[in-house]
Amino acid sequence: MAAYDFTAPRLYVEAQLLPGATLPLDRAQANYLLNVLRRGPTDPVLLFNGRDGEWSAEIAPTGRKSADLIVRERTRQQPERADLHYLFAPLKTARLDYMAQKAVEMGVGTLRPVLTRYTQNERLNIDRLRSNTIEAAEQCGILEIPVIQDVAKLPAALADLNPLRLLVFCDEDASVSDPILALRQVANPAAPPPLAVLVGPEGGFAPEERALILERPNTVALSLGPRILRADTAAVAVLSLVQSVLGDAR
Ligand code: SAH
């Protein structure tokens with residue numbers, strides 16, 4: 001695995017990253033760097049914008065609570081975008097915050113909020129979801145911000161998936177068998193297909209939804225063990241399994 005510099009704070013910026021560019025920090029970023037992390041002019045900062053790779057920068061304070069960043073040099077090339085799709089029923093706020101961050105840390109590249117019959121959070125706050133993905137990206141060392149697709153009802157989200165994409169359906173009613181073997185039986189770890197994962201809401205899937213999901217070709221129902229996991233727990237469990245057997249943690 002590439003050796004990342006985890007000591008320097010990493011910030012996501014929208015601006016183009018070029019040597020010598022001066023980027024004014026917004027108040028929150030300036031407060032975070034200057035007052036929370038108590039970094040100063042000699043402390044390195046790493047920047048990424050999802051396009052130009054990772055760059056080192058220096059802090060140029062312009063006041064007690066304001067600063068610019070002077071971009072210096074590229075420290076890492078921009079890698080391929082993560083291809084793993086994560087379909088999820090929006091949970092209540094605190095658990096959704098957590099689940100969004102864990103999905104990013106576990107390598108998800110595309111998030112698809114899916115409305116199901118028992119979804120309890122119909123009014124998804126997309127801005128909050130995006131700020132959680134940015135915070136997780138800054139923390140975990142990736143150089144992109146996952147794509148957040150529009151909210152869709154379950155049938156549309158399933159229809160929208162590329163048929164070649166293997167859908168791993170977390171089904172607490174699936175027979176408890178060997179999830180690692182189950183994944184290996186539907187995909188070749190040496191040449192894995194594009195992948196998607198689906199986790200249901202706090203109330204689970206309705207029977208007709210389970211039937212609809214299982215009708216989709218190239219879909220595997222996976223049990224995550226004999227206990228009923230909270231959806232945010234299931235997210236980490238299944239993403240760890242999928243990444244370890246077929247993804248980038250092999
Ligand atoms: N239906 C459950 C609650 C669902 S838990 C109940 O009635 O209490 C929320 C989601 O997490 C589920 O829809 C499923 O996608 C996933 N999940 C939870 N436990 C699981 C398990 N043991 N195996 C597979 N998926 C699980």
# chains A, B, ... in the order shown; residues from 1 in each chain; ligands from 1
$ closest_atom_pairs --of "chain A" --to "ligand 1" --cutoff "6 Å" --atoms "only C-alpha atoms and all ligand atoms" --output "Markdown table"
| residue | atom | partner | partner_atom_place_in_ligand_line | distance |
| --- | --- | --- | --- | --- |
| A:Cys170 | CA | ligand 1 | 25 (N) | 3.8 |
| A:Asp171 | CA | ligand 1 | 24 (C) | 4.1 |
| A:Glu172 | CA | ligand 1 | 23 (N) | 3.6 |
| A:Val199 | CA | ligand 1 | 15 (O) | 3.6 |
| A:Gly200 | CA | ligand 1 | 13 (O) | 3.3 |
| A:Pro201 | CA | ligand 1 | 9 (C) | 4.8 |
| A:Glu202 | CA | ligand 1 | 9 (C) | 4.6 |
| A:Gly203 | CA | ligand 1 | 3 (C) | 4.7 |
| A:Gly204 | CA | ligand 1 | 1 (N) | 3.6 |
| A:Phe205 | CA | ligand 1 | 13 (O) | 5.4 |
| A:Leu222 | CA | ligand 1 | 24 (C) | 5.7 |
| A:Ser223 | CA | ligand 1 | 23 (N) | 3.7 |
| A:Leu224 | CA | ligand 1 | 23 (N) | 3.6 |
| A:Gly225 | CA | ligand 1 | 22 (N) | 4.6 |
| A:Pro226 | CA | ligand 1 | 22 (N) | 5.4 |
| A:Arg227 | CA | ligand 1 | 22 (N) | 4.9 |
| A:Ile228 | CA | ligand 1 | 19 (N) | 3.8 |
| A:Leu229 | CA | ligand 1 | 19 (N) | 3.7 |
| A:Arg230 | CA | ligand 1 | 5 (S) | 4.9 |
| A:Ala231 | CA | ligand 1 | 11 (O) | 3.8 |
| A:Ala234 | CA | ligand 1 | 11 (O) | 5.1 |
$ residues_around --residues "A:Arg39" --least-positions-apart "5" --cutoff "8 Å" --atoms "only C-alpha atoms" --output "list in words"
Leu33, Leu34 and Ile59 of chain A
$ write_last_selection --atoms "N, CA and C atoms" --output "PDB file, in the first residue's frame"
ATOM      1  N   LEU A  33      -7.344  24.777  10.945  1.00  0.00           N
ATOM      2  CA  LEU A  33      -5.872  24.687  10.850  1.00  0.00           C
ATOM      3  C   LEU A  33      -5.182  25.515  11.934  1.00  0.00           C
ATOM      4  N   LEU A  34      -5.608  26.777  12.062  1.00  0.00           N
ATOM      5  CA  LEU A  34      -4.879  27.696  12.953  1.00  0.00           C
ATOM      6  C   LEU A  34      -5.195  27.464  14.422  1.00  0.00           C
ATOM      7  N   ILE A  59       1.013  27.266   5.014  1.00  0.00           N
ATOM      8  CA  ILE A  59       0.017  28.188   5.590  1.00  0.00           C
ATOM      9  C   ILE A  59       0.626  29.593   5.618  1.00  0.00           C
TER      10      ILE A  59
END
$ closest_residue --among "A:Leu167, A:Pro44, A:Ser240, A:Leu198" --to "A:Pro217" --atoms "only C-alpha atoms"
A:Leu167
$ select_by_dssp --residues "stretch 179-232 of chain A" --states "strand (DSSP E)" --output "JSON, numbers by chain"
{"A": [195, 196, 197, 198, 199, 219, 220, 221, 222]}
$ write_last_selection --atoms "N, CA and C atoms" --output "compact mmCIF listing (two decimals), in the first residue's frame"
# COMPACT_ATOMS: atom_id res chain seq x y z
N LEU A 195 -18.71 -3.82 -8.87
CA LEU A 195 -19.42 -4.27 -7.66
C LEU A 195 -20.37 -3.20 -7.14
N ALA A 196 -21.45 -3.67 -6.53
CA ALA A 196 -22.38 -2.78 -5.81
C ALA A 196 -22.84 -3.53 -4.57
N VAL A 197 -23.15 -2.77 -3.54
CA VAL A 197 -23.63 -3.35 -2.28
C VAL A 197 -24.94 -2.66 -1.92
N LEU A 198 -25.88 -3.40 -1.35
CA LEU A 198 -27.18 -2.83 -0.97
C LEU A 198 -27.49 -3.19 0.49
N VAL A 199 -27.75 -2.15 1.30
CA VAL A 199 -28.11 -2.36 2.71
C VAL A 199 -29.45 -1.67 2.96
N THR A 219 -27.00 -10.90 -8.98
CA THR A 219 -27.24 -10.42 -7.60
C THR A 219 -27.03 -11.58 -6.65
N VAL A 220 -26.32 -11.33 -5.55
CA VAL A 220 -26.11 -12.40 -4.56
C VAL A 220 -26.61 -11.91 -3.19
N ALA A 221 -27.48 -12.71 -2.57
CA ALA A 221 -27.98 -12.37 -1.22
C ALA A 221 -26.94 -12.89 -0.23
N LEU A 222 -26.51 -12.01 0.63
CA LEU A 222 -25.43 -12.38 1.56
C LEU A 222 -25.92 -12.25 3.00
$ closest_atom_pairs --of "stretch 64-135 of chain A" --to "stretch 242-247 of chain A" --cutoff "10 Å" --atoms "only C-alpha atoms" --output "Markdown table"
| residue | atom | partner | partner_atom | distance |
| --- | --- | --- | --- | --- |
| A:Ala82 | CA | A:Gly247 | CA | 9.9 |
| A:Asp83 | CA | A:Gly247 | CA | 9.5 |
| A:Leu84 | CA | A:Gly247 | CA | 8.2 |
| A:Met106 | CA | A:Gln243 | CA | 7.7 |
| A:Gly107 | CA | A:Gln243 | CA | 7.9 |
| A:Val108 | CA | A:Gln243 | CA | 9.6 |
$ residues_around --residues "A:Arg95" --least-positions-apart "2" --cutoff "12 Å" --atoms "only C-alpha atoms" --output "PDB file with all heavy atoms, in the first residue's frame"
ATOM      1  N   ALA A  89     -30.536   2.623   2.188  1.00  0.00           N
ATOM      2  CA  ALA A  89     -31.726   3.355   2.596  1.00  0.00           C
ATOM      3  C   ALA A  89     -31.290   4.394   3.627  1.00  0.00           C
ATOM      4  O   ALA A  89     -30.604   4.047   4.595  1.00  0.00           O
ATOM      5  CB  ALA A  89     -32.726   2.385   3.210  1.00  0.00           C
ATOM      6  N   PRO A  90     -31.640   5.656   3.420  1.00  0.00           N
ATOM      7  CA  PRO A  90     -31.202   6.699   4.373  1.00  0.00           C
ATOM      8  C   PRO A  90     -31.682   6.381   5.782  1.00  0.00           C
ATOM      9  O   PRO A  90     -32.841   6.031   5.980  1.00  0.00           O
ATOM     10  CB  PRO A  90     -31.873   7.966   3.838  1.00  0.00           C
ATOM     11  CG  PRO A  90     -32.156   7.680   2.397  1.00  0.00           C
ATOM     12  CD  PRO A  90     -32.422   6.211   2.311  1.00  0.00           C
ATOM     13  N   LEU A  91     -30.752   6.472   6.707  1.00  0.00           N
ATOM     14  CA  LEU A  91     -31.071   6.187   8.114  1.00  0.00           C
ATOM     15  C   LEU A  91     -31.332   7.509   8.842  1.00  0.00           C
ATOM     16  O   LEU A  91     -31.185   8.583   8.267  1.00  0.00           O
ATOM     17  CB  LEU A  91     -29.877   5.488   8.769  1.00  0.00           C
ATOM     18  CG  LEU A  91     -29.366   4.244   8.073  1.00  0.00           C
ATOM     19  CD1 LEU A  91     -28.097   3.750   8.741  1.00  0.00           C
ATOM     20  CD2 LEU A  91     -30.431   3.163   8.044  1.00  0.00           C
ATOM     21  N   LYS A  92     -31.687   7.396  10.121  1.00  0.00           N
ATOM     22  CA  LYS A  92     -31.839   8.624  10.925  1.00  0.00           C
ATOM     23  C   LYS A  92     -30.467   9.302  11.044  1.00  0.00           C
ATOM     24  O   LYS A  92     -29.437   8.637  10.975  1.00  0.00           O
ATOM     25  CB  LYS A  92     -32.390   8.263  12.299  1.00  0.00           C
ATOM     26  CG  LYS A  92     -33.868   7.853  12.239  1.00  0.00           C
ATOM     27  CD  LYS A  92     -34.444   7.745  13.625  1.00  0.00           C
ATOM     28  CE  LYS A  92     -35.842   7.147  13.626  1.00  0.00           C
ATOM     29  NZ  LYS A  92     -35.962   6.094  14.662  1.00  0.00           N
ATOM     30  N   THR A  93     -30.493  10.600  11.242  1.00  0.00           N
ATOM     31  CA  THR A  93     -29.320  11.464  11.066  1.00  0.00           C
ATOM     32  C   THR A  93     -28.004  10.930  11.623  1.00  0.00           C
ATOM     33  O   THR A  93     -27.044  10.763  10.878  1.00  0.00           O
ATOM     34  CB  THR A  93     -29.618  12.834  11.709  1.00  0.00           C
ATOM     35  OG1 THR A  93     -30.837  13.317  11.127  1.00  0.00           O
ATOM     36  CG2 THR A  93     -28.501  13.827  11.413  1.00  0.00           C
ATOM     37  N   ASP A  97     -24.911   9.785   9.334  1.00  0.00           N
ATOM     38  CA  ASP A  97     -23.605  10.465   9.351  1.00  0.00           C
ATOM     39  C   ASP A  97     -22.485   9.414   9.442  1.00  0.00           C
ATOM     40  O   ASP A  97     -21.523   9.410   8.688  1.00  0.00           O
ATOM     41  CB  ASP A  97     -23.475  11.403  10.569  1.00  0.00           C
ATOM     42  CG  ASP A  97     -24.373  12.636  10.462  1.00  0.00           C
ATOM     43  OD1 ASP A  97     -24.925  12.891   9.367  1.00  0.00           O
ATOM     44  OD2 ASP A  97     -24.517  13.332  11.487  1.00  0.00           O
ATOM     45  N   TYR A  98     -22.665   8.509  10.400  1.00  0.00           N
ATOM     46  CA  TYR A  98     -21.644   7.472  10.641  1.00  0.00           C
ATOM     47  C   TYR A  98     -21.512   6.583   9.401  1.00  0.00           C
ATOM     48  O   TYR A  98     -20.409   6.335   8.905  1.00  0.00           O
ATOM     49  CB  TYR A  98     -22.063   6.637  11.857  1.00  0.00           C
ATOM     50  CG  TYR A  98     -21.176   5.444  12.138  1.00  0.00           C
ATOM     51  CD1 TYR A  98     -20.040   5.569  12.950  1.00  0.00           C
ATOM     52  CD2 TYR A  98     -21.460   4.191  11.581  1.00  0.00           C
ATOM     53  CE1 TYR A  98     -19.224   4.466  13.201  1.00  0.00           C
ATOM     54  CE2 TYR A  98     -20.643   3.097  11.826  1.00  0.00           C
ATOM     55  CZ  TYR A  98     -19.531   3.235  12.636  1.00  0.00           C
ATOM     56  OH  TYR A  98     -18.713   2.142  12.872  1.00  0.00           O
ATOM     57  N   MET A  99     -22.647   6.127   8.876  1.00  0.00           N
ATOM     58  CA  MET A  99     -22.609   5.174   7.753  1.00  0.00           C
ATOM     59  C   MET A  99     -21.959   5.811   6.525  1.00  0.00           C
ATOM     60  O   MET A  99     -21.143   5.171   5.844  1.00  0.00           O
ATOM     61  CB  MET A  99     -24.012   4.691   7.420  1.00  0.00           C
ATOM     62  CG  MET A  99     -24.029   3.603   6.361  1.00  0.00           C
ATOM     63  SD  MET A  99     -25.572   2.695   6.301  1.00  0.00           S
ATOM     64  CE  MET A  99     -26.586   3.819   5.384  1.00  0.00           C
ATOM     65  N   ALA A 100     -22.247   7.088   6.284  1.00  0.00           N
ATOM     66  CA  ALA A 100     -21.662   7.766   5.116  1.00  0.00           C
ATOM     67  C   ALA A 100     -20.140   7.823   5.246  1.00  0.00           C
ATOM     68  O   ALA A 100     -19.396   7.529   4.302  1.00  0.00           O
ATOM     69  CB  ALA A 100     -22.231   9.177   4.991  1.00  0.00           C
ATOM     70  N   GLN A 101     -19.669   8.150   6.446  1.00  0.00           N
ATOM     71  CA  GLN A 101     -18.218   8.243   6.655  1.00  0.00           C
ATOM     72  C   GLN A 101     -17.563   6.868   6.504  1.00  0.00           C
ATOM     73  O   GLN A 101     -16.532   6.730   5.843  1.00  0.00           O
ATOM     74  CB  GLN A 101     -17.925   8.821   8.041  1.00  0.00           C
ATOM     75  CG  GLN A 101     -18.468  10.226   8.216  1.00  0.00           C
ATOM     76  CD  GLN A 101     -17.545  11.143   9.002  1.00  0.00           C
ATOM     77  OE1 GLN A 101     -16.411  10.785   9.313  1.00  0.00           O
ATOM     78  NE2 GLN A 101     -18.022  12.328   9.293  1.00  0.00           N
ATOM     79  N   LYS A 102     -18.237   5.808   7.054  1.00  0.00           N
ATOM     80  CA  LYS A 102     -17.615   4.473   6.982  1.00  0.00           C
ATOM     81  C   LYS A 102     -17.593   3.978   5.540  1.00  0.00           C
ATOM     82  O   LYS A 102     -16.661   3.317   5.105  1.00  0.00           O
ATOM     83  CB  LYS A 102     -18.374   3.470   7.870  1.00  0.00           C
ATOM     84  CG  LYS A 102     -18.413   3.817   9.352  1.00  0.00           C
ATOM     85  CD  LYS A 102     -17.062   4.193   9.920  1.00  0.00           C
ATOM     86  CE  LYS A 102     -17.156   5.393  10.833  1.00  0.00           C
ATOM     87  NZ  LYS A 102     -15.872   5.962  11.184  1.00  0.00           N
ATOM     88  N   GLN A 120     -36.945   5.304   7.050  1.00  0.00           N
ATOM     89  CA  GLN A 120     -37.452   6.229   8.080  1.00  0.00           C
ATOM     90  C   GLN A 120     -36.992   7.664   7.860  1.00  0.00           C
ATOM     91  O   GLN A 120     -37.386   8.556   8.559  1.00  0.00           O
ATOM     92  CB  GLN A 120     -36.984   5.734   9.468  1.00  0.00           C
ATOM     93  CG  GLN A 120     -37.593   4.371   9.790  1.00  0.00           C
ATOM     94  CD  GLN A 120     -37.336   3.947  11.226  1.00  0.00           C
ATOM     95  OE1 GLN A 120     -37.030   4.780  12.083  1.00  0.00           O
ATOM     96  NE2 GLN A 120     -37.439   2.659  11.489  1.00  0.00           N
ATOM     97  N   ASN A 121     -36.077   7.879   6.929  1.00  0.00           N
ATOM     98  CA  ASN A 121     -35.597   9.252   6.707  1.00  0.00           C
ATOM     99  C   ASN A 121     -35.871   9.608   5.249  1.00  0.00           C
ATOM    100  O   ASN A 121     -35.037   9.393   4.381  1.00  0.00           O
ATOM    101  CB  ASN A 121     -34.093   9.320   7.014  1.00  0.00           C
ATOM    102  CG  ASN A 121     -33.536  10.705   6.706  1.00  0.00           C
ATOM    103  OD1 ASN A 121     -34.250  11.574   6.189  1.00  0.00           O
ATOM    104  ND2 ASN A 121     -32.264  10.907   6.998  1.00  0.00           N
ATOM    105  N   LEU A 129     -24.838  14.955   3.899  1.00  0.00           N
ATOM    106  CA  LEU A 129     -24.229  13.702   3.411  1.00  0.00           C
ATOM    107  C   LEU A 129     -22.895  14.024   2.735  1.00  0.00           C
ATOM    108  O   LEU A 129     -21.870  13.398   3.012  1.00  0.00           O
ATOM    109  CB  LEU A 129     -25.193  13.024   2.437  1.00  0.00           C
ATOM    110  CG  LEU A 129     -24.802  11.675   1.859  1.00  0.00           C
ATOM    111  CD1 LEU A 129     -24.625  10.630   2.954  1.00  0.00           C
ATOM    112  CD2 LEU A 129     -25.863  11.183   0.865  1.00  0.00           C
ATOM    113  N   ASN A 132     -20.150  14.940   5.136  1.00  0.00           N
ATOM    114  CA  ASN A 132     -19.623  13.728   5.795  1.00  0.00           C
ATOM    115  C   ASN A 132     -18.652  12.988   4.892  1.00  0.00           C
ATOM    116  O   ASN A 132     -17.620  12.474   5.343  1.00  0.00           O
ATOM    117  CB  ASN A 132     -20.776  12.803   6.198  1.00  0.00           C
ATOM    118  CG  ASN A 132     -21.347  13.162   7.547  1.00  0.00           C
ATOM    119  OD1 ASN A 132     -20.633  13.235   8.536  1.00  0.00           O
ATOM    120  ND2 ASN A 132     -22.646  13.414   7.589  1.00  0.00           N
ATOM    121  N   PRO A 201     -33.026  -0.407   5.316  1.00  0.00           N
ATOM    122  CA  PRO A 201     -33.294   0.564   6.369  1.00  0.00           C
ATOM    123  C   PRO A 201     -33.425  -0.106   7.744  1.00  0.00           C
ATOM    124  O   PRO A 201     -33.340  -1.339   7.837  1.00  0.00           O
ATOM    125  CB  PRO A 201     -34.644   1.149   5.947  1.00  0.00           C
ATOM    126  CG  PRO A 201     -35.327   0.015   5.266  1.00  0.00           C
ATOM    127  CD  PRO A 201     -34.238  -0.764   4.569  1.00  0.00           C
ATOM    128  N   GLU A 202     -33.627   0.716   8.760  1.00  0.00           N
ATOM    129  CA  GLU A 202     -33.758   0.170  10.120  1.00  0.00           C
ATOM    130  C   GLU A 202     -34.836  -0.922  10.151  1.00  0.00           C
ATOM    131  O   GLU A 202     -34.722  -1.906  10.856  1.00  0.00           O
ATOM    132  CB  GLU A 202     -34.170   1.292  11.094  1.00  0.00           C
ATOM    133  CG  GLU A 202     -33.114   2.391  11.314  1.00  0.00           C
ATOM    134  CD  GLU A 202     -33.248   3.570  10.367  1.00  0.00           C
ATOM    135  OE1 GLU A 202     -33.859   3.416   9.281  1.00  0.00           O
ATOM    136  OE2 GLU A 202     -32.693   4.637  10.693  1.00  0.00           O
ATOM    137  N   ARG A 230     -27.451  -3.542  13.025  1.00  0.00           N
ATOM    138  CA  ARG A 230     -27.948  -2.222  12.630  1.00  0.00           C
ATOM    139  C   ARG A 230     -27.390  -1.950  11.229  1.00  0.00           C
ATOM    140  O   ARG A 230     -26.291  -2.406  10.891  1.00  0.00           O
ATOM    141  CB  ARG A 230     -27.471  -1.154  13.614  1.00  0.00           C
ATOM    142  CG  ARG A 230     -28.212  -1.215  14.964  1.00  0.00           C
ATOM    143  CD  ARG A 230     -28.000   0.068  15.722  1.00  0.00           C
ATOM    144  NE  ARG A 230     -28.650   0.087  17.016  1.00  0.00           N
ATOM    145  CZ  ARG A 230     -29.923   0.420  17.198  1.00  0.00           C
ATOM    146  NH1 ARG A 230     -30.671   0.720  16.153  1.00  0.00           N
ATOM    147  NH2 ARG A 230     -30.453   0.438  18.405  1.00  0.00           N
ATOM    148  N   ALA A 231     -28.115  -1.176  10.452  1.00  0.00           N
ATOM    149  CA  ALA A 231     -27.706  -0.953   9.058  1.00  0.00           C
ATOM    150  C   ALA A 231     -26.305  -0.367   8.978  1.00  0.00           C
ATOM    151  O   ALA A 231     -25.529  -0.722   8.077  1.00  0.00           O
ATOM    152  CB  ALA A 231     -28.704  -0.015   8.379  1.00  0.00           C
ATOM    153  N   ASP A 232     -25.954   0.500   9.907  1.00  0.00           N
ATOM    154  CA  ASP A 232     -24.618   1.087   9.850  1.00  0.00           C
ATOM    155  C   ASP A 232     -23.542   0.067  10.225  1.00  0.00           C
ATOM    156  O   ASP A 232     -22.426   0.110   9.696  1.00  0.00           O
ATOM    157  CB  ASP A 232     -24.515   2.367  10.694  1.00  0.00           C
ATOM    158  CG  ASP A 232     -25.154   2.235  12.064  1.00  0.00           C
ATOM    159  OD1 ASP A 232     -26.195   1.572  12.176  1.00  0.00           O
ATOM    160  OD2 ASP A 232     -24.625   2.822  13.015  1.00  0.00           O
ATOM    161  N   THR A 233     -23.890  -0.906  11.055  1.00  0.00           N
ATOM    162  CA  THR A 233     -22.949  -2.002  11.347  1.00  0.00           C
ATOM    163  C   THR A 233     -22.831  -2.894  10.108  1.00  0.00           C
ATOM    164  O   THR A 233     -21.732  -3.280   9.703  1.00  0.00           O
ATOM    165  CB  THR A 233     -23.451  -2.849  12.522  1.00  0.00           C
ATOM    166  OG1 THR A 233     -23.816  -2.002  13.602  1.00  0.00           O
ATOM    167  CG2 THR A 233     -22.400  -3.858  12.962  1.00  0.00           C
ATOM    168  N   ALA A 234     -23.985  -3.187   9.505  1.00  0.00           N
ATOM    169  CA  ALA A 234     -23.985  -4.053   8.305  1.00  0.00           C
ATOM    170  C   ALA A 234     -23.139  -3.425   7.202  1.00  0.00           C
ATOM    171  O   ALA A 234     -22.414  -4.118   6.488  1.00  0.00           O
ATOM    172  CB  ALA A 234     -25.420  -4.255   7.817  1.00  0.00           C
ATOM    173  N   ALA A 235     -23.185  -2.104   7.109  1.00  0.00           N
ATOM    174  CA  ALA A 235     -22.410  -1.422   6.066  1.00  0.00           C
ATOM    175  C   ALA A 235     -20.928  -1.749   6.204  1.00  0.00           C
ATOM    176  O   ALA A 235     -20.270  -2.175   5.244  1.00  0.00           O
ATOM    177  CB  ALA A 235     -22.634   0.091   6.154  1.00  0.00           C
TER     178      ALA A 235
END
$ residues_around --residues "A:Ala157" --least-positions-apart "5" --cutoff "8 Å" --atoms "only C-alpha atoms" --output "list in words"
Arg112, Val114 and Ala152 of chain A
$ write_last_selection --atoms "C-alpha atoms" --output "short mmCIF file (atom, residue, chain, number, x, y, z; two decimals), in the first residue's frame"
data_model
loop_
_atom_site.label_atom_id
_atom_site.label_comp_id
_atom_site.auth_asym_id
_atom_site.auth_seq_id
_atom_site.Cartn_x
_atom_site.Cartn_y
_atom_site.Cartn_z
CA ARG A 112 -26.89 5.86 -4.04
CA VAL A 114 -32.51 4.36 -2.04
CA ALA A 152 -34.16 6.93 -6.10
#
$ select_by_dssp --residues "stretch 59-107 of chain A" --states "helix (DSSP H, G or I)" --output "MDAnalysis selection string"
chainID A and resid 93:105
$ write_last_selection --atoms "C-alpha atoms" --output "mmCIF file, in the first residue's frame"
data_model
loop_
_atom_site.group_PDB
_atom_site.id
_atom_site.type_symbol
_atom_site.label_atom_id
_atom_site.label_comp_id
_atom_site.auth_asym_id
_atom_site.auth_seq_id
_atom_site.Cartn_x
_atom_site.Cartn_y
_atom_site.Cartn_z
ATOM 1 C CA THR A 93 -29.320 11.464 11.066
ATOM 2 C CA ALA A 94 -26.650 10.288 13.518
ATOM 3 C CA ARG A 95 -26.427 6.778 12.106
ATOM 4 C CA LEU A 96 -26.488 8.100 8.550
ATOM 5 C CA ASP A 97 -23.605 10.465 9.351
ATOM 6 C CA TYR A 98 -21.644 7.472 10.641
ATOM 7 C CA MET A 99 -22.609 5.174 7.753
ATOM 8 C CA ALA A 100 -21.662 7.766 5.116
ATOM 9 C CA GLN A 101 -18.218 8.243 6.655
ATOM 10 C CA LYS A 102 -17.615 4.473 6.982
ATOM 11 C CA ALA A 103 -18.659 3.856 3.369
ATOM 12 C CA VAL A 104 -16.044 6.376 2.209
ATOM 13 C CA GLU A 105 -13.351 4.907 4.485
#
$ residues_around --residues "A:Leu69" --least-positions-apart "6" --cutoff "8 Å" --atoms "only C-alpha atoms" --output "NGL selection string"
:A and (22-25 or 57-60)
$ write_last_selection --atoms "N, CA and C atoms" --output "compact mmCIF listing (two decimals), in the first residue's frame"
# COMPACT_ATOMS: atom_id res chain seq x y z
N THR A 22 -2.17 30.62 -4.80
CA THR A 22 -2.58 31.08 -3.46
C THR A 22 -4.07 30.80 -3.30
N LEU A 23 -4.39 30.00 -2.28
CA LEU A 23 -5.79 29.63 -2.05
C LEU A 23 -6.26 30.24 -0.74
N PRO A 24 -7.18 31.17 -0.77
CA PRO A 24 -7.71 31.70 0.50
C PRO A 24 -8.53 30.63 1.20
N LEU A 25 -8.30 30.43 2.48
CA LEU A 25 -9.06 29.43 3.24
C LEU A 25 -10.39 30.02 3.68
N ALA A 57 1.26 22.16 0.66
CA ALA A 57 1.02 23.62 0.69
C ALA A 57 1.53 24.17 2.01
N GLU A 58 1.75 25.46 2.01
CA GLU A 58 2.16 26.13 3.25
C GLU A 58 1.08 27.10 3.70
N ILE A 59 1.01 27.27 5.01
CA ILE A 59 0.02 28.19 5.59
C ILE A 59 0.63 29.59 5.62
N ALA A 60 -0.13 30.54 5.07
CA ALA A 60 0.32 31.95 5.12
C ALA A 60 -0.75 32.71 5.89
$ closest_residue --among "A:Asn188, A:Ser131, A:Thr7, A:Thr110" --to "A:Pro146" --atoms "only C-alpha atoms"
A:Thr110
$ residues_around --residues "A:Gly53" --least-positions-apart "2" --cutoff "9 Å" --atoms "only C-alpha atoms" --output "list in words"
Leu17, Leu47, Phe48, Asn49, Gly50, Arg51, Trp55, Arg74, Thr75, Arg76, Gln77, Gln78, Pro79, Leu143 and Glu144 of chain A
$ write_last_selection --atoms "C-alpha atoms" --output "PDB file, in the first residue's frame"
ATOM      1  CA  LEU A  17      -3.900  22.945  -7.790  1.00  0.00           C
ATOM      2  CA  LEU A  47      -4.499  19.450  -0.501  1.00  0.00           C
ATOM      3  CA  PHE A  48      -6.597  17.493  -2.991  1.00  0.00           C
ATOM      4  CA  ASN A  49      -9.459  18.457  -5.292  1.00  0.00           C
ATOM      5  CA  GLY A  50     -10.373  15.094  -6.844  1.00  0.00           C
ATOM      6  CA  ARG A  51      -8.683  15.959 -10.138  1.00  0.00           C
ATOM      7  CA  TRP A  55      -0.232  18.670  -3.318  1.00  0.00           C
ATOM      8  CA  ARG A  74       2.480  17.497  -6.108  1.00  0.00           C
ATOM      9  CA  THR A  75       3.030  14.693  -3.561  1.00  0.00           C
ATOM     10  CA  ARG A  76       0.801  12.016  -5.127  1.00  0.00           C
ATOM     11  CA  GLN A  77      -0.687  11.383  -8.560  1.00  0.00           C
ATOM     12  CA  GLN A  78      -4.480  11.329  -8.953  1.00  0.00           C
ATOM     13  CA  PRO A  79      -5.485   7.641  -8.773  1.00  0.00           C
ATOM     14  CA  LEU A 143      -7.913  11.893  -3.254  1.00  0.00           C
ATOM     15  CA  GLU A 144     -11.482  12.126  -4.430  1.00  0.00           C
TER      16      GLU A 144
END
$ closest_residue --among "A:Arg10, A:Arg210, A:Arg64, A:Arg123" --to "A:Leu46" --atoms "only C-alpha atoms"
A:Arg10
$ residues_around --residues "A:Gly20" --least-positions-apart "4" --cutoff "9 Å" --atoms "only C-alpha atoms" --output "short mmCIF file (atom, residue, chain, number, x, y, z; two decimals) with C-alpha atoms, in the first residue's frame"
data_model
loop_
_atom_site.label_atom_id
_atom_site.label_comp_id
_atom_site.auth_asym_id
_atom_site.auth_seq_id
_atom_site.Cartn_x
_atom_site.Cartn_y
_atom_site.Cartn_z
CA ALA A 57 1.02 23.62 0.69
CA ILE A 70 0.42 28.62 -0.91
CA VAL A 71 0.49 25.50 -3.07
CA ARG A 72 3.95 24.02 -3.42
CA GLU A 73 4.41 20.62 -5.16
#
$ atom_distance --atom1 "atom CA of A:Leu111" --atom2 "atom CA of A:Arg130"
10.0 Å
$ atom_distance --atom1 "atom CA of A:Asp43" --atom2 "atom CA of A:Pro61"
11.6 Å
$ atom_distance --atom1 "atom CA of A:Arg184" --atom2 "atom CA of A:Tyr86"
19.4 Å
